[in-house]
Each structure stands twice: as C-alpha cells, then as structure tokens.
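Structure data follow from run.cif (mmCIF, C-alpha atoms):
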```
data_entry
loop_
_atom_site.label_atom_id
_atom_site.label_comp_id
_atom_site.auth_asym_id
_atom_site.auth_seq_id
_atom_site.Cartn_x
_atom_site.Cartn_y
_atom_site.Cartn_z
CA MET A 1 17.18 0.11 -17.66
CA ALA A 2 18.06 2.88 -20.11
CA ASP A 3 16.42 2.87 -23.53
CA LEU A 4 19.10 2.23 -26.15
CA ARG A 5 16.82 2.77 -29.15
CA ILE A 6 18.07 5.38 -31.59
CA ASP A 7 16.51 7.44 -34.38
CA ILE A 8 18.98 9.00 -36.79
CA ALA A 9 17.58 10.93 -39.76
CA GLY A 10 14.42 8.83 -39.54
CA VAL A 11 16.29 5.52 -39.48
CA LYS A 12 15.36 3.56 -36.36
CA SER A 13 17.72 1.15 -34.64
CA PRO A 14 17.38 -0.98 -31.48
CA ASN A 15 20.72 0.40 -30.25
CA PRO A 16 23.43 2.79 -31.50
CA PHE A 17 25.94 0.04 -32.34
CA TRP A 18 26.35 -0.46 -36.08
CA LEU A 19 28.84 -2.32 -38.22
CA ALA A 20 30.75 -0.05 -40.59
CA SER A 21 30.92 -0.64 -44.31
CA ALA A 22 33.88 -3.01 -44.47
CA PRO A 23 34.80 -6.72 -44.62
CA PRO A 24 32.47 -7.62 -41.68
CA THR A 25 29.48 -6.53 -43.81
CA ASN A 26 30.55 -8.17 -47.04
CA THR A 27 27.82 -10.84 -47.12
CA GLY A 28 24.26 -11.43 -46.00
CA ASP A 29 25.39 -14.26 -43.74
CA GLN A 30 27.75 -11.95 -41.86
CA VAL A 31 25.17 -9.20 -41.38
CA ALA A 32 22.51 -11.69 -40.25
CA ARG A 33 24.88 -13.24 -37.70
CA ALA A 34 25.80 -9.76 -36.47
CA PHE A 35 22.13 -8.88 -35.95
CA ASP A 36 21.60 -12.16 -34.09
CA THR A 37 24.50 -11.24 -31.81
CA GLY A 38 22.99 -7.87 -30.93
CA TRP A 39 24.22 -5.27 -33.38
CA GLY A 40 21.56 -2.63 -33.99
CA GLY A 41 22.49 -1.82 -37.55
CA ALA A 42 24.95 -2.37 -40.37
CA VAL A 43 26.28 -0.49 -43.36
CA TRP A 44 26.71 -2.95 -46.23
CA LYS A 45 30.17 -3.13 -47.79
CA THR A 46 30.42 -0.58 -50.59
CA LEU A 47 28.63 -1.52 -53.81
CA GLY A 48 29.54 -0.38 -57.28
CA GLU A 49 30.90 -2.02 -60.36
CA PRO A 50 32.58 -5.17 -59.00
CA ILE A 51 36.36 -5.01 -59.07
CA VAL A 52 39.24 -7.43 -58.56
CA ASN A 53 41.05 -7.18 -55.22
CA VAL A 54 44.64 -8.17 -54.53
CA TYR A 55 45.32 -11.11 -52.21
CA SER A 56 47.63 -9.37 -49.71
CA ARG A 57 45.39 -6.66 -48.23
CA TYR A 58 46.06 -5.80 -44.57
CA GLY A 59 48.98 -4.57 -42.52
CA ALA A 60 49.10 -3.65 -38.84
CA VAL A 61 51.05 -1.73 -36.21
CA ASP A 62 51.44 -3.41 -32.82
CA LEU A 63 52.45 -1.48 -29.70
CA ASN A 64 54.00 -2.98 -26.56
CA GLY A 65 52.29 -6.30 -27.03
CA VAL A 66 48.95 -4.84 -28.12
CA LYS A 67 48.07 -6.34 -31.49
CA MET A 68 46.55 -4.23 -34.28
CA MET A 69 46.72 -0.88 -32.52
CA GLY A 70 46.46 0.43 -36.06
CA LEU A 71 45.28 -1.43 -39.16
CA ASN A 72 46.00 -0.56 -42.78
CA ASN A 73 44.05 -1.98 -45.69
CA ILE A 74 44.41 -1.75 -49.46
CA GLU A 75 41.14 -3.60 -50.12
CA LEU A 76 38.71 -1.93 -52.49
CA ILE A 77 34.92 -2.15 -52.71
CA THR A 78 33.00 -5.42 -53.02
CA ASP A 79 34.28 -7.96 -55.52
CA ARG A 80 30.89 -9.71 -55.50
CA THR A 81 28.37 -8.95 -58.25
CA LEU A 82 25.71 -6.33 -57.72
CA ASP A 83 22.88 -8.80 -58.31
CA VAL A 84 24.16 -11.14 -55.59
CA ASN A 85 24.53 -8.28 -53.12
CA LEU A 86 21.06 -6.90 -53.86
CA ARG A 87 19.48 -10.30 -53.38
CA GLU A 88 21.19 -10.74 -50.00
CA ILE A 89 20.31 -7.21 -48.85
CA ARG A 90 16.66 -7.83 -49.65
CA ASP A 91 16.70 -11.12 -47.76
CA VAL A 92 18.41 -9.70 -44.67
CA LYS A 93 16.03 -6.74 -44.46
CA ARG A 94 13.05 -9.07 -44.79
CA ARG A 95 14.35 -11.25 -41.94
CA TYR A 96 15.38 -8.36 -39.67
CA PRO A 97 12.84 -5.57 -40.26
CA LYS A 98 13.59 -3.78 -36.97
CA HIS A 99 17.33 -3.48 -37.55
CA ALA A 100 18.91 -0.59 -39.45
CA LEU A 101 20.33 -1.63 -42.80
CA ILE A 102 22.20 1.05 -44.73
CA VAL A 103 23.95 0.39 -48.05
CA SER A 104 27.25 2.04 -48.98
CA LEU A 105 27.62 3.16 -52.58
CA MET A 106 30.49 4.33 -54.79
CA VAL A 107 30.26 4.70 -58.55
CA GLU A 108 31.75 6.96 -61.19
CA SER A 109 30.94 10.66 -61.08
CA LYS A 110 28.11 10.47 -63.59
CA ARG A 111 24.53 11.45 -62.77
CA GLU A 112 23.05 8.46 -64.61
CA ALA A 113 25.35 6.00 -62.81
CA TRP A 114 24.32 7.33 -59.40
CA HIS A 115 20.62 7.41 -60.37
CA ASP A 116 20.75 3.82 -61.55
CA ILE A 117 22.43 2.30 -58.50
CA VAL A 118 20.31 4.31 -56.05
CA LYS A 119 17.08 3.04 -57.61
CA ARG A 120 18.26 -0.56 -57.73
CA VAL A 121 19.49 -0.54 -54.15
CA GLU A 122 16.40 1.13 -52.70
CA ASP A 123 14.23 -1.49 -54.34
CA THR A 124 15.67 -3.98 -51.81
CA GLY A 125 13.82 -2.27 -48.96
CA CYS A 126 16.98 -1.00 -47.25
CA ASP A 127 16.64 1.81 -44.71
CA GLY A 128 19.10 4.27 -46.20
CA LEU A 129 22.15 4.95 -48.34
CA GLU A 130 25.70 5.91 -47.39
CA LEU A 131 27.70 7.68 -50.10
CA ASN A 132 31.34 6.64 -49.90
CA PHE A 133 33.23 9.91 -50.43
CA GLY A 134 36.09 8.78 -48.25
CA CYS A 135 38.02 5.72 -49.47
CA PRO A 136 41.62 6.99 -49.75
CA HIS A 137 42.98 4.28 -52.05
CA GLY A 138 41.95 2.93 -55.40
CA MET A 139 39.92 4.38 -58.26
CA SER A 140 40.63 8.02 -57.46
CA GLU A 141 41.56 8.38 -61.12
CA ARG A 142 37.90 7.65 -61.89
CA GLY A 143 36.59 10.41 -59.63
CA MET A 144 35.53 8.12 -56.80
CA GLY A 145 36.07 7.85 -53.05
CA SER A 146 38.20 10.52 -51.38
CA ALA A 147 38.69 12.20 -54.76
CA VAL A 148 35.08 13.36 -54.26
CA GLY A 149 35.26 14.03 -50.53
CA GLN A 150 38.34 16.23 -50.89
CA VAL A 151 36.58 18.62 -53.28
CA PRO A 152 33.51 20.22 -51.64
CA GLU A 153 31.98 21.13 -55.00
CA TYR A 154 32.06 17.49 -56.12
CA ALA A 155 30.62 16.28 -52.83
CA CYS A 156 27.77 18.75 -53.09
CA GLN A 157 27.05 17.92 -56.72
CA ILE A 158 26.96 14.14 -56.32
CA THR A 159 24.91 14.34 -53.13
CA GLY A 160 22.46 16.46 -55.11
CA TRP A 161 22.30 13.87 -57.89
CA VAL A 162 21.48 11.14 -55.37
CA LYS A 163 18.82 13.24 -53.65
CA GLU A 164 17.09 13.76 -57.00
CA VAL A 165 15.94 10.12 -56.92
CA ALA A 166 16.52 8.78 -53.39
CA ARG A 167 13.47 7.89 -51.30
CA THR A 168 15.42 6.89 -48.18
CA PRO A 169 17.75 8.98 -45.96
CA VAL A 170 21.15 9.74 -47.47
CA PHE A 171 24.28 9.56 -45.29
CA VAL A 172 27.45 11.13 -46.70
CA LYS A 173 30.67 9.47 -45.52
CA LEU A 174 33.50 11.99 -45.33
CA THR A 175 37.23 11.52 -45.74
CA PRO A 176 39.59 12.74 -43.00
CA ASN A 177 42.27 13.40 -45.62
CA VAL A 178 41.51 17.12 -45.78
CA SER A 179 42.81 20.22 -44.01
CA ASP A 180 39.42 21.15 -42.51
CA ILE A 181 36.57 18.63 -42.26
CA VAL A 182 33.96 21.37 -41.92
CA PHE A 183 34.06 22.41 -45.58
CA PRO A 184 33.12 19.02 -47.11
CA GLY A 185 30.56 18.70 -44.29
CA ARG A 186 28.93 21.94 -45.35
CA ALA A 187 29.02 20.79 -48.97
CA ALA A 188 27.18 17.60 -48.06
CA LYS A 189 24.56 19.65 -46.25
CA LYS A 190 24.18 21.99 -49.23
CA GLY A 191 23.72 18.98 -51.53
CA GLY A 192 20.82 17.76 -49.39
CA ALA A 193 22.41 15.10 -47.15
CA ASP A 194 20.23 13.81 -44.33
CA ALA A 195 23.15 12.72 -42.14
CA ILE A 196 26.94 12.52 -42.10
CA SER A 197 29.18 9.53 -41.40
CA LEU A 198 32.80 10.07 -40.36
CA ILE A 199 35.61 9.36 -40.39
CA ASN A 200 36.67 7.13 -43.22
CA THR A 201 40.20 5.74 -43.15
CA ILE A 202 43.37 7.86 -43.12
CA ASN A 203 45.81 7.74 -46.01
CA SER A 204 48.86 5.77 -44.91
CA VAL A 205 51.82 3.58 -45.70
CA MET A 206 52.05 0.94 -42.98
CA GLY A 207 55.80 0.36 -42.94
CA VAL A 208 58.72 -1.36 -44.62
CA ASP A 209 60.07 -4.86 -43.99
CA LEU A 210 63.72 -4.26 -43.13
CA ASP A 211 64.73 -7.71 -44.37
CA THR A 212 63.07 -7.65 -47.79
CA LEU A 213 62.88 -3.84 -48.12
CA ALA A 214 59.30 -4.26 -49.36
CA PRO A 215 56.51 -2.03 -47.99
CA ASN A 216 53.66 -3.72 -46.12
CA PRO A 217 51.30 -5.27 -47.00
CA SER A 218 53.48 -6.73 -49.73
CA VAL A 219 51.97 -7.67 -53.07
CA GLY A 220 54.78 -9.47 -54.82
CA GLY A 221 57.35 -7.15 -53.29
CA LYS A 222 55.42 -3.92 -53.87
CA SER A 223 52.66 -2.11 -52.01
CA SER A 224 50.44 0.96 -52.15
CA HIS A 225 49.10 3.60 -49.81
CA GLY A 226 45.98 2.44 -48.01
CA GLY A 227 43.42 3.30 -45.37
CA TYR A 228 44.49 3.48 -41.70
CA CYS A 229 42.01 2.63 -38.95
CA GLY A 230 41.82 1.04 -35.51
CA PRO A 231 42.31 2.40 -31.95
CA ALA A 232 45.14 4.69 -33.09
CA VAL A 233 42.79 6.92 -35.10
CA LYS A 234 40.18 7.49 -32.38
CA PRO A 235 41.44 10.95 -31.26
CA ILE A 236 41.41 12.19 -34.85
CA ALA A 237 37.89 10.87 -35.34
CA LEU A 238 36.66 12.49 -32.12
CA HIS A 239 38.06 15.84 -33.23
CA MET A 240 36.37 15.66 -36.62
CA VAL A 241 33.04 14.44 -35.24
CA SER A 242 32.97 17.31 -32.74
CA ALA A 243 33.95 19.83 -35.43
CA ILE A 244 31.05 18.76 -37.65
CA ALA A 245 28.65 18.63 -34.70
CA LYS A 246 29.55 22.15 -33.51
CA ASP A 247 29.37 23.85 -36.89
CA PRO A 248 26.20 25.98 -37.01
CA GLU A 249 25.91 25.67 -40.80
CA ILE A 250 25.74 21.86 -40.83
CA GLN A 251 23.37 20.75 -38.07
CA LEU A 252 22.98 17.18 -39.32
CA PRO A 253 22.91 13.95 -37.31
CA ILE A 254 26.19 12.06 -37.27
CA SER A 255 27.19 8.42 -37.41
CA GLY A 256 30.61 8.31 -35.76
CA ILE A 257 33.42 6.03 -36.93
CA GLY A 258 37.07 5.55 -36.00
CA GLY A 259 38.80 3.35 -33.44
CA ILE A 260 35.68 2.35 -31.51
CA SER A 261 36.33 -0.85 -29.57
CA THR A 262 34.39 -0.54 -26.30
CA TRP A 263 31.25 0.98 -24.85
CA ARG A 264 33.42 3.75 -23.41
CA ASP A 265 34.60 4.71 -26.88
CA ALA A 266 30.99 4.73 -28.05
CA ALA A 267 29.89 6.96 -25.17
CA GLU A 268 32.67 9.44 -25.95
CA PHE A 269 31.63 9.66 -29.61
CA MET A 270 28.01 10.17 -28.63
CA LEU A 271 28.86 12.83 -26.04
CA LEU A 272 30.71 14.72 -28.80
CA GLY A 273 27.82 14.60 -31.25
CA ALA A 274 27.41 11.13 -32.78
CA THR A 275 23.96 9.54 -32.67
CA THR A 276 25.16 6.10 -33.79
CA VAL A 277 28.63 4.57 -33.88
CA GLN A 278 30.09 2.28 -36.51
CA VAL A 279 32.65 -0.41 -35.71
CA CYS A 280 35.00 -2.27 -38.03
CA THR A 281 38.55 -3.04 -36.84
CA ALA A 282 37.50 -4.28 -33.39
CA VAL A 283 35.16 -6.80 -35.02
CA MET A 284 37.86 -7.91 -37.43
CA HIS A 285 40.08 -8.47 -34.38
CA HIS A 286 37.67 -9.94 -31.82
CA GLY A 287 34.49 -10.96 -33.64
CA PHE A 288 30.83 -9.93 -33.48
CA ARG A 289 30.27 -10.79 -29.80
CA ILE A 290 32.05 -7.66 -28.56
CA VAL A 291 28.70 -5.92 -28.97
CA GLU A 292 27.37 -7.80 -25.93
CA ASP A 293 29.81 -5.97 -23.65
CA MET A 294 29.11 -2.72 -25.50
CA ILE A 295 25.38 -2.99 -24.86
CA ASP A 296 25.78 -3.97 -21.20
CA GLY A 297 28.43 -1.33 -20.53
CA LEU A 298 26.55 1.55 -22.12
CA SER A 299 23.29 0.52 -20.44
CA ASN A 300 24.90 0.38 -16.99
CA TRP A 301 26.70 3.69 -17.47
CA LEU A 302 23.51 5.43 -18.61
CA ASP A 303 21.70 4.06 -15.55
CA ASP A 304 24.52 5.17 -13.24
CA LYS A 305 24.46 8.67 -14.70
CA GLY A 306 20.68 8.94 -14.58
CA PHE A 307 20.06 9.10 -18.33
CA ALA A 308 16.80 7.50 -19.43
CA ARG A 309 17.75 7.19 -23.11
CA ALA A 310 20.94 6.77 -25.08
CA GLN A 311 19.77 9.55 -27.39
CA ASP A 312 19.83 11.95 -24.43
CA ILE A 313 23.65 11.99 -24.27
CA VAL A 314 24.20 12.99 -27.90
CA GLY A 315 26.27 16.18 -27.93
CA ARG A 316 26.23 16.63 -24.12
CA SER A 317 29.98 17.38 -24.02
CA LEU A 318 30.09 19.66 -27.08
CA PRO A 319 29.82 22.93 -25.08
CA ARG A 320 33.01 21.89 -23.28
CA VAL A 321 34.98 21.76 -26.54
CA VAL A 322 36.18 25.34 -27.03
CA LYS A 323 38.93 27.24 -28.79
CA TRP A 324 42.24 27.45 -26.91
CA GLU A 325 41.82 31.18 -26.38
CA GLU A 326 38.60 30.51 -24.43
CA LEU A 327 40.35 28.40 -21.76
CA ASN A 328 40.78 29.75 -18.24
CA LEU A 329 44.40 30.84 -17.80
CA ASN A 330 43.87 31.10 -14.05
CA TYR A 331 43.04 27.42 -13.63
CA GLN A 332 45.89 25.63 -11.84
CA HIS A 333 46.56 22.06 -10.80
CA VAL A 334 49.69 20.24 -9.70
CA ALA A 335 50.96 16.66 -9.54
CA THR A 336 50.68 14.72 -6.30
CA ILE A 337 52.55 11.43 -5.80
CA ASP A 338 51.19 8.73 -3.49
CA ARG A 339 54.37 7.36 -1.98
CA ALA A 340 52.61 4.24 -0.71
CA LYS A 341 51.89 3.22 -4.31
CA CYS A 342 55.21 4.34 -5.82
CA ILE A 343 57.40 1.49 -7.14
CA GLU A 344 60.43 3.79 -7.65
CA CYS A 345 60.70 3.13 -11.38
CA ASP A 346 61.94 6.71 -12.00
CA LEU A 347 59.76 7.06 -15.11
CA CYS A 348 58.06 10.22 -13.85
CA TYR A 349 61.42 11.76 -12.92
CA ILE A 350 63.02 10.93 -16.28
CA ALA A 351 60.02 12.10 -18.29
CA CYS A 352 59.73 15.38 -16.38
CA TRP A 353 63.45 16.12 -16.22
CA ASP A 354 64.27 15.29 -19.86
CA GLY A 355 60.95 15.94 -21.60
CA ALA A 356 59.02 18.52 -19.63
CA HIS A 357 59.58 21.13 -16.89
CA GLN A 358 62.15 19.71 -14.42
CA ALA A 359 59.55 19.71 -11.64
CA ILE A 360 60.35 16.30 -10.08
CA ARG A 361 63.49 15.53 -8.09
CA LEU A 362 64.68 12.29 -6.50
CA ASP A 363 64.92 12.21 -2.74
CA THR A 364 67.69 9.77 -1.75
CA THR A 365 68.12 10.83 1.89
CA SER A 366 66.47 7.65 3.17
CA GLY A 367 68.61 5.45 0.98
CA MET A 368 65.70 5.02 -1.48
CA ARG A 369 64.90 6.86 -4.70
CA ARG A 370 61.64 8.66 -3.97
CA PRO A 371 60.27 11.12 -6.54
CA VAL A 372 59.17 14.45 -5.08
CA VAL A 373 57.27 17.17 -6.90
CA ILE A 374 58.95 20.59 -6.88
CA ASP A 375 55.81 22.57 -6.24
CA GLU A 376 57.01 25.95 -7.51
CA ALA A 377 58.17 24.41 -10.81
CA CYS A 378 55.17 22.17 -11.56
CA VAL A 379 52.93 23.49 -14.35
CA GLY A 380 50.45 20.61 -14.13
CA CYS A 381 51.22 19.35 -17.63
CA ASN A 382 50.04 15.77 -16.75
CA LEU A 383 53.09 14.02 -18.30
CA CYS A 384 54.15 12.29 -15.07
CA LYS A 385 50.67 10.89 -14.57
CA LEU A 386 50.55 9.68 -18.17
CA VAL A 387 53.84 7.75 -17.98
CA CYS A 388 53.33 6.32 -14.48
CA PRO A 389 52.68 2.53 -14.71
CA VAL A 390 50.78 2.36 -11.40
CA GLU A 391 47.10 3.28 -11.48
CA GLY A 392 46.32 6.07 -9.02
CA CYS A 393 49.91 6.66 -7.93
CA ILE A 394 50.06 10.13 -9.46
CA SER A 395 47.05 12.43 -9.44
CA MET A 396 46.51 16.02 -10.45
CA SER A 397 45.26 18.18 -7.58
CA PRO A 398 43.54 21.52 -8.28
CA ARG A 399 45.09 24.62 -6.75
CA GLU A 400 42.72 27.20 -5.33
CA THR A 401 43.84 30.59 -6.65
CA GLY A 402 40.80 32.58 -5.56
CA ALA A 403 41.11 34.57 -8.78
CA PRO A 404 38.38 35.01 -11.41
CA GLY A 405 38.65 33.21 -14.73
CA VAL A 406 40.84 34.90 -17.33
CA THR A 407 40.86 34.00 -21.02
CA TRP A 408 43.52 34.90 -23.55
CA LYS A 409 41.38 37.76 -24.79
CA ASP A 410 41.04 39.07 -21.22
CA TYR A 411 44.80 38.78 -20.75
CA THR A 412 45.59 40.77 -23.90
CA LYS A 413 43.30 43.49 -22.59
CA GLY A 414 45.24 43.78 -19.34
CA ALA A 415 43.63 41.23 -17.01
CA LYS A 416 46.06 39.91 -14.41
CA LEU A 417 46.96 36.27 -13.97
CA ALA A 418 46.87 34.69 -10.53
CA PRO A 419 50.24 33.88 -8.93
CA ARG A 420 51.09 30.26 -8.31
CA ALA A 421 48.93 29.10 -5.43
CA HIS A 422 50.55 27.34 -2.48
CA HIS A 423 50.04 23.58 -2.50
CA ASP A 424 50.95 21.08 0.19
CA ASN A 425 52.43 18.18 -1.76
CA HIS A 426 53.71 16.09 1.16
#
```
Would it be possible to restate this file's structure as structure tokens?
Amino acid sequence: MADLRIDIAGVKSPNPFWLASAPPTNTGDQVARAFDTGWGGAVWKTLGEPIVNVYSRYGAVDLNGVKMMGLNNIELITDRTLDVNLREIRDVKRRYPKHALIVSLMVESKREAWHDIVKRVEDTGCDGLELNFGCPHGMSERGMGSAVGQVPEYACQITGWVKEVARTPVFVKLTPNVSDIVFPGRAAKKGGADAISLINTINSVMGVDLDTLAPNPSVGGKSSHGGYCGPAVKPIALHMVSAIAKDPEIQLPISGIGGISTWRDAAEFMLLGATTVQVCTAVMHHGFRIVEDMIDGLSNWLDDKGFARAQDIVGRSLPRVVKWEELNLNYQHVATIDRAKCIECDLCYIACWDGAHQAIRLDTTSGMRRPVVIDEACVGCNLCKLVCPVEGCISMSPRETGAPGVTWKDYTKGAKLAPRAHHDNH
C-alpha cells in the first residue's frame, strides 16, 4: 500500500488531507474529531483580535440539482477570544502530536502586532503558521486580508516581520483576486516564506432575491461582497497552483486549496504542484467522514499507477502545462459517435450546429434522427462529447497525420501544417 505520509516545509503529516482555515476548524472539538476521522492536518480558523460576525453568513449557487456548487461567505475571522483558542490549540496538539496543526493569523499591519501574536501562538506547540493575506471581505480598511495579498510589497514586508520572530515554518496564504498570482508569490518568497497556501476565496456577490430584491445572503435586506469557494472554483485554483509551482523564482512547497471534494481532486492538485491539499466547503456540505473515501481512493490510485509514495506525484504533470504557442498545431483528433449508445437527444447536433463548427448532421434516412460527424468539418473541439449525456457515446479519436510537430513559432517561421487526415467515422 502506498505511503501517504507527507513532509511540507518540515511539517510532517500522516496524509496530505488537511482541513482549511474555516468554520470546520473553529474549535478544538472540531479539529480533534477531524483527526479521529482520519484527516492528516488542519489549519486553525484565523486568529486575531476577536470580532463580531453577522448572523446571516452563507449563500450558495446550485446547478441542475447539485447543491452548493459554489458557496459564498461573509463570515470574518474567529469571534472567540484569543486565550480560548490558544488553550484549545495547545490541548489538541498535545493529544495529537503526529498530526499537522497549523494556525492561521491575521492582524493589523504593525510589526509589534505580528510579533506578539506569533510568539503567543507558537508557545502552544503548533507546527506552523499560515498568514492570511487572502480574505476578500472585511477589515481591508485596516490593512488586513486581501488588502495585503494584493500588494506584493506589503506581503513581502509582513512576511519578513513574522520571520523575524517565528520558530516554526511560515505558510503565506495568497488571494486569487489579483491579475497575476506569480507576483505576490514571489513577494512571499522574498519575505522569507517557507511555503505557500492557495487559493483563498474569490471576491463575489452571490445573487439577488427577485422577490425581495435583496442580495444574498441577506442581512436585514442588505448584503456585502464575500468569498466564493466550492467545486466551481477548482479550475481557477488549479491554474494558480500550477503557475506558482512552475515559476523558477518561487520554488516553495504548496498547500493547495479550492473546490477539493474527492480524492481525484486531490490527486490533480498534487500532480500540478501541491504537496498537501486543504478542504473546506466539501466538509461543510458532507461532514468530516469524506476523508475516508479520499484516503482509500488516493491509496488505490497510487498503487494502480505504481507510485510508492504520495509525495512522488507532486508536480508530475507540471511539464505538460505549457504556453499556448508551445502546443503542437499538427495534432488532430475527431469526434466519433457510438450509435449503439446514442439516445437521439440531438444535444450534440444542436451544440455543434449553433455553438461550434457545424460538423454534425442528422441522418433521417432510416426514419430515425441519427447524428453523424461531418469528418471534413470536425475540428475536434470536444464540445459534442462534453454535452453528451451518455457516458462513452462520443469519443475523440486521434488522426494520424504523419507530420512532425509544429508549434506557433515554427509556423511563423514557415513550417507547414499537415492537411486534414482521413478518418473513417462510420
């Protein structure tokens, strides 16, 4: 059985599955129960000066019967006192010495404030610190959260302040609400960060109730922008994790966050550069026990693929993430429809005819409506396969051109593109 143990910036964990800093890590009881269930680590809900939260806090987007495809929250940091949190952190770490326990921090942009909270938190025996430079809502007027993460100079400076006194590894949690995630990542590295966590939530307004005209979640008829998370943000998170992992100036271990619900999601994050993964929304939706399937699924997949350790897959897919101009323009594939599986719903025909390249026609000669790929028109865009409701009915079959690979740079220098290869689609 594959070894799931992970070492990230010197922090050891029995597996790569961590709870993110969020409501599921708000109390010692929750973190202890999570560890009992199988979670390898947890990032304690952000500590700072306790604040007062509103009562109406979450809003969600559902899609075709799937609940909470996206979740929005306007909840701020912990509203429990620092002393209570520190006591519970110390107790949990004493009871679970082999689990990773990281503490998220967010205070005002003052050196003495950061020095004070770092010293007090590290006295609990925790394994590391996560600097919250990513919260998109609340207290930005005080120079906190994403107000720091959006300005590389601030991120570098505050990371430096923390490293002046920190004795444990420092993770910097980045905000996705920037034009290029690499620049704050480099700033964190320059400030002395030991690792990077990303992504934090995305700035959002969840929607408007068309009966009351109040935005959601409604607080007495009003609302505010909040942080968007859940399965909907996973592609954005994967992009940003891979961008940080590929940057030659950063070269720091990564704790990946954003829409992770299954072991498959976790494997994808790890293949694109994350050493650990942090989960929040899926736990809020389904509870702590989802980690059991995550552990079993990742273990079985690693065994099937011949990997001895989970750590061995970190970054394995990064070389395959390239700039568009590095793609092979001579690669061709075309849609193939399995008529035995086709239910004649016309979705592929409608999608291709109205929204793509008019490469599917309907054959009605037999008195039935059978979709047929027009080989010479198909550009292999994948849309028909994506909209088809029947698993395996439409596949994309490679065309053999016999031509060497040609990139955009080659093409601009005069390299010839291969003609459309013949393909038997019957």
| message | Just the number, please: distance in Å from CA of Cys393 in chain A to CA of Lys234 in chain A, one decimal. | response | 26.3 Å
| task | Please write the residues picked by the PyMOL selection byres ((chain A and resi 334) around 8) on this file as a ChimeraX atom specification. | result | /A:332-333,335-336,375,378-380,396-399,423
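Note that CA of Val148 in chain A and CA of Pro24 in chain A are 24.6 Å apart.
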Sort by chain and increasing residue number a table of all residues of range 127-241 of chain A within 12 Å of range 284-308 of chain A, each with its closest pair of atoms and their distance in Å to one decimal, counting all atoms listed in the file, and write it as JSON lines.
```
{"residue": "A:Cys229", "atom": "CA", "partner": "A:Met284", "partner_atom": "CA", "distance": 11.4}
{"residue": "A:Gly230", "atom": "CA", "partner": "A:His285", "partner_atom": "CA", "distance": 9.7}
{"residue": "A:Pro231", "atom": "CA", "partner": "A:His285", "partner_atom": "CA", "distance": 11.4}
```
| task | Name every residue that the PyMOL selection byres ((chain A and resi 151) around 10) selects in this structure, writing the answer as a PyMOL selection string with chains first and numbers rising. | result | chain A and resi 133+146-150+152-156+178+183-184+187
Report as a short mmCIF file (atom, residue, chain, number, x, y, z; two decimals) with C-alpha atoms, in the frame of the given file the full result of the PyMOL selection byres ((chain A and resi 115-118) around 12) when it is applied to this structure.
```
data_model
loop_
_atom_site.label_atom_id
_atom_site.label_comp_id
_atom_site.auth_asym_id
_atom_site.auth_seq_id
_atom_site.Cartn_x
_atom_site.Cartn_y
_atom_site.Cartn_z
CA THR A 46 30.42 -0.58 -50.59
CA LEU A 47 28.63 -1.52 -53.81
CA GLY A 48 29.54 -0.38 -57.28
CA GLU A 49 30.90 -2.02 -60.36
CA LEU A 82 25.71 -6.33 -57.72
CA ASP A 83 22.88 -8.80 -58.31
CA LEU A 86 21.06 -6.90 -53.86
CA ILE A 102 22.20 1.05 -44.73
CA VAL A 103 23.95 0.39 -48.05
CA SER A 104 27.25 2.04 -48.98
CA LEU A 105 27.62 3.16 -52.58
CA MET A 106 30.49 4.33 -54.79
CA VAL A 107 30.26 4.70 -58.55
CA GLU A 108 31.75 6.96 -61.19
CA SER A 109 30.94 10.66 -61.08
CA LYS A 110 28.11 10.47 -63.59
CA ARG A 111 24.53 11.45 -62.77
CA GLU A 112 23.05 8.46 -64.61
CA ALA A 113 25.35 6.00 -62.81
CA TRP A 114 24.32 7.33 -59.40
CA LYS A 119 17.08 3.04 -57.61
CA ARG A 120 18.26 -0.56 -57.73
CA VAL A 121 19.49 -0.54 -54.15
CA GLU A 122 16.40 1.13 -52.70
CA ASP A 123 14.23 -1.49 -54.34
CA THR A 124 15.67 -3.98 -51.81
CA GLY A 125 13.82 -2.27 -48.96
CA CYS A 126 16.98 -1.00 -47.25
CA GLY A 128 19.10 4.27 -46.20
CA LEU A 129 22.15 4.95 -48.34
CA GLU A 130 25.70 5.91 -47.39
CA LEU A 131 27.70 7.68 -50.10
CA ILE A 158 26.96 14.14 -56.32
CA THR A 159 24.91 14.34 -53.13
CA GLY A 160 22.46 16.46 -55.11
CA TRP A 161 22.30 13.87 -57.89
CA VAL A 162 21.48 11.14 -55.37
CA LYS A 163 18.82 13.24 -53.65
CA GLU A 164 17.09 13.76 -57.00
CA VAL A 165 15.94 10.12 -56.92
CA ALA A 166 16.52 8.78 -53.39
CA ARG A 167 13.47 7.89 -51.30
CA THR A 168 15.42 6.89 -48.18
CA PRO A 169 17.75 8.98 -45.96
CA VAL A 170 21.15 9.74 -47.47
#
```
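In this structure, CA of Asp127 in chain A sits 24.9 Å away from CA of Gly259 in chain A.
Non-sequential neighbours of Lys98 in chain A (distance at most 12 Å, separation of 4 or more positions within a chain, only C-alpha atoms) are A:Arg5, A:Ile6, A:Asp7, A:Val11, A:Lys12, A:Ser13, A:Pro14, A:Asn15, A:Phe35, A:Asp36, A:Gly38, A:Trp39, A:Gly40, A:Gly41, A:Ala42, A:Val92, A:Lys93, A:Arg94, A:Cys126, A:Asp127.
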| message | Quick one: residues within 12 Å of Cys345 in chain A, all atoms listed in the file, excluding same-chain residues fewer than 6 positions away - as a count of residues only? | response | 12
| field | Selected residue of minimal separation from Ala245 in chain A among A:Thr412, A:Asn72, A:Ser317, A:Gln30, counting all atoms listed in the file | value |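 Smallest separation from Ala245 in chain A among the options: A:Ser317.
Of the residues listed (A:Phe269, A:Phe171, A:Tyr411, A:Trp263), A:Tyr411 shows the shortest atom-to-atom separation from Asn330 in chain A; distances use only C-alpha atoms.
In this comparison, which uses all atoms listed in the file, the residue of A:Asn26, A:Val31, A:Ala232, A:Met240 approaching Asp62 in chain A most closely is A:Ala232.
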| said: Applying 6 Å and all atoms listed in the file, which residues near Val61 in chain A remain after dropping the ones on its own chain fewer than 4 positions away? List them as a count of residues only. | reply: 3
| query | Near range 205-211 of chain A, within 9 Å and counting all atoms listed in the file, which residues show up once chain neighbours fewer than 2 positions away are dropped, as a PyMOL selection string? | reply | chain A and resi 59-61+70-73+203+213-218+223-228
Could you pull range 16-28 of chain A out of the structure I just pasted and write it to a file containing C-alpha atoms, as a compact mmCIF listing (two decimals), in the first residue's frame?
```txt
# COMPACT_ATOMS: atom_id res chain seq x y z
CA PRO A 16 -1.91 15.08 2.54
CA PHE A 17 -5.53 15.78 3.52
CA TRP A 18 -5.88 18.89 5.68
CA LEU A 19 -8.81 20.99 6.79
CA ALA A 20 -8.59 24.59 5.59
CA SER A 21 -8.82 27.55 7.92
CA ALA A 22 -12.59 28.00 8.05
CA PRO A 23 -15.69 27.12 10.11
CA PRO A 24 -14.73 23.39 10.31
CA THR A 25 -11.60 24.36 12.29
CA ASN A 26 -13.23 26.88 14.59
CA THR A 27 -12.90 24.85 17.80
CA GLY A 28 -10.68 22.25 19.41
```
